[in-house]
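Reading through the structure tokens given below for one structure.
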Amino acid sequence: MTSPPRIPALILAGGRATRMGGGDKPLMALAGRPMLAHVLDRLRPQAGPLALNANGDPARFARFGLPVLPDSLPDRPGPLAGVLVAMDWAQDLGAAHVLTVPGDSPFLPSDLVARLWAARGPMGLALAAGDDPQGPRDHPTFGLWPVALRDDLAATLVADQRRVRRFAERHQPGRAVWPDAVFANINTPADLALAEARLAAL
């Protein structure tokens with residue numbers, strides 16, 4: 001397997017966390033630390049420069065020492081807008097690809113970058129998928145995105161098309177498959193309790 005370059009990675013942290021009562025999920029405590037700290041523990045060893053996509057006052061993330069990049073489009077159009085932010089940031093860095101991951105998935109794979117790099121489709125795009133019994137289940141916010149798709153993505157969002165998977169499918173993504181549990185994200189207080197128990201058992 002060819003080793004990937006040090007690809008920049010952007011953490012999508014702009015959700016409203018309505019099922020958790022509002023606020024920033026990545027800042028919620030998980031096993032005594034912010035959830036974002038767990039994400040960074042797994043992401044830092046395998047990626048290049050890191051940044052956050054979040055709206056509002058960036059000072060709340062100051063302790064992490066990362067650039068905080070807001071959506072470039074109004075009305076919070078969702079994670080696909082975060083992918084656009086990631087592409088713009090990576091382009092400014094001179095990178096050809098950028099990785100995105102959600103900020104509420106503390107068990108992300110330690111080989112995410114390497115395996116997505118190896119799985120790139122003909123246009124350079126790769127998505128992560130879980131090994132669901134019904135067939136691989138896409139987790140498209142875990143994606144390796146070619147910066148060359150930036151203009152098409154911007155046009156897609158201007159046309160009010162917001163689904164990450166639908167945009168990705170137009171560009172022939174490759175897929176890398178892991179056990180689905182590594183993509184567990186925290187959407188509810190029950191999810192948080194399960195994650196606490198899972199970390200305690202490690």
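Identifiers in the structure tokens: chain A, B, ... in order shown; residue index from 1 per chain; ligand index from 1 in order shown.
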- Task: From a DSSP pass on the backbone, collect the residues of range 5-174 of chain A flagged as strand (DSSP E or B) and hand them back as number ranges by chain.
- Result: A: 9-12, 29-30, 33-34, 50-53, 68-69, 97-102, 126-130, 137-146, 174
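With only C-alpha atoms taken into account, the protein and nucleic acid residues at most 7 Å from range 111-117 of chain A (excluding it and anything under 5 positions from it in its own chain) are Ser3, Pro4, Gln46, Ala47, Ala126, Leu127, Leu144 and Ala176 of chain A.
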- Query: Taking into account only C-alpha atoms, which residue in the set A:Arg175, A:Lys25, A:Arg33, A:Arg6 is nearest to Asp191 in chain A?
  - Reply: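 Looking only at the distances to Asp191 in chain A, the closest residue turns out to be A:Lys25.
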Mind dumping a table of every range 115-190 of chain A residue within 9 Å of range 94-108 of chain A, with the nearest atom pair and its distance in Å to one decimal, using only C-alpha atoms, sorted by chain and rising number, as a tab-separated table?
```
residue	atom	partner	partner_atom	distance
A:Gly124	CA	A:His97	CA	8.3
A:Leu125	CA	A:His97	CA	8.7
A:Pro140	CA	A:Val101	CA	8.8
A:Thr141	CA	A:Val101	CA	5.6
A:Phe142	CA	A:Val101	CA	4.6
A:Gly143	CA	A:Thr100	CA	5.4
A:Leu144	CA	A:Leu99	CA	4.5
A:Trp145	CA	A:Val98	CA	5.3
A:Pro146	CA	A:His97	CA	4.4
A:Val147	CA	A:His97	CA	5.3
A:Ala148	CA	A:Ala96	CA	7.3
A:Ala181	CA	A:Phe107	CA	7.9
A:Val182	CA	A:Phe107	CA	5.1
A:Phe183	CA	A:Leu108	CA	5.8
A:Ala184	CA	A:Ser105	CA	5.8
A:Asn185	CA	A:Ser105	CA	4.3
A:Ile186	CA	A:Asp104	CA	5.5
A:Asn187	CA	A:Asp104	CA	7.9
```
- Query: Skipping near chain neighbours, those fewer than 6 positions away, what residues fall within 12 Å of Arg166 in chain A using only C-alpha atoms, listed as a count of residues only?
  - Reply: 9
- Message: Just the number, please: distance in Å from CA of Ala37 in chain A to CA of Gly78 in chain A, one decimal.
- Response: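 Separation of CA of Ala37 in chain A and CA of Gly78 in chain A: 22.7 Å.
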- Query: Suppose you want the space between CA of Gly23 in chain A and CA of Arg60 in chain A; what is it in Å?
  - Reply: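 Between CA of Gly23 in chain A and CA of Arg60 in chain A the gap works out to 11.0 Å.
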- Could you give me, as a VMD selection string, the residues within 6 Å of Ala129 in chain A, counting only C-alpha atoms and dropping anything in the same chain fewer than 2 positions from it? chain A and resid 136 to 139 177
Got time to write the residues from that selection, N, CA, C and O atoms, as an mmCIF file, in the first residue's frame?
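Output contents, as saved in result-v9.cif:
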```cif
data_model
loop_
_atom_site.group_PDB
_atom_site.id
_atom_site.type_symbol
_atom_site.label_atom_id
_atom_site.label_comp_id
_atom_site.auth_asym_id
_atom_site.auth_seq_id
_atom_site.Cartn_x
_atom_site.Cartn_y
_atom_site.Cartn_z
ATOM 1 N N PRO A 136 -22.333 -2.807 2.721
ATOM 2 C CA PRO A 136 -21.608 -1.663 3.274
ATOM 3 C C PRO A 136 -22.515 -0.441 3.418
ATOM 4 O O PRO A 136 -23.272 -0.096 2.512
ATOM 5 N N ARG A 137 -22.424 0.195 4.572
ATOM 6 C CA ARG A 137 -23.249 1.370 4.872
ATOM 7 C C ARG A 137 -22.350 2.597 4.887
ATOM 8 O O ARG A 137 -21.426 2.705 5.696
ATOM 9 N N ASP A 138 -22.602 3.514 3.975
ATOM 10 C CA ASP A 138 -21.749 4.690 3.845
ATOM 11 C C ASP A 138 -21.826 5.585 5.076
ATOM 12 O O ASP A 138 -22.893 5.781 5.675
ATOM 13 N N HIS A 139 -20.680 6.143 5.414
ATOM 14 C CA HIS A 139 -20.572 7.205 6.418
ATOM 15 C C HIS A 139 -19.878 8.377 5.715
ATOM 16 O O HIS A 139 -18.681 8.606 5.899
ATOM 17 N N VAL A 177 -13.937 -0.150 3.897
ATOM 18 C CA VAL A 177 -14.936 -0.696 4.821
ATOM 19 C C VAL A 177 -14.268 -1.113 6.129
ATOM 20 O O VAL A 177 -13.239 -1.790 6.127
#
```
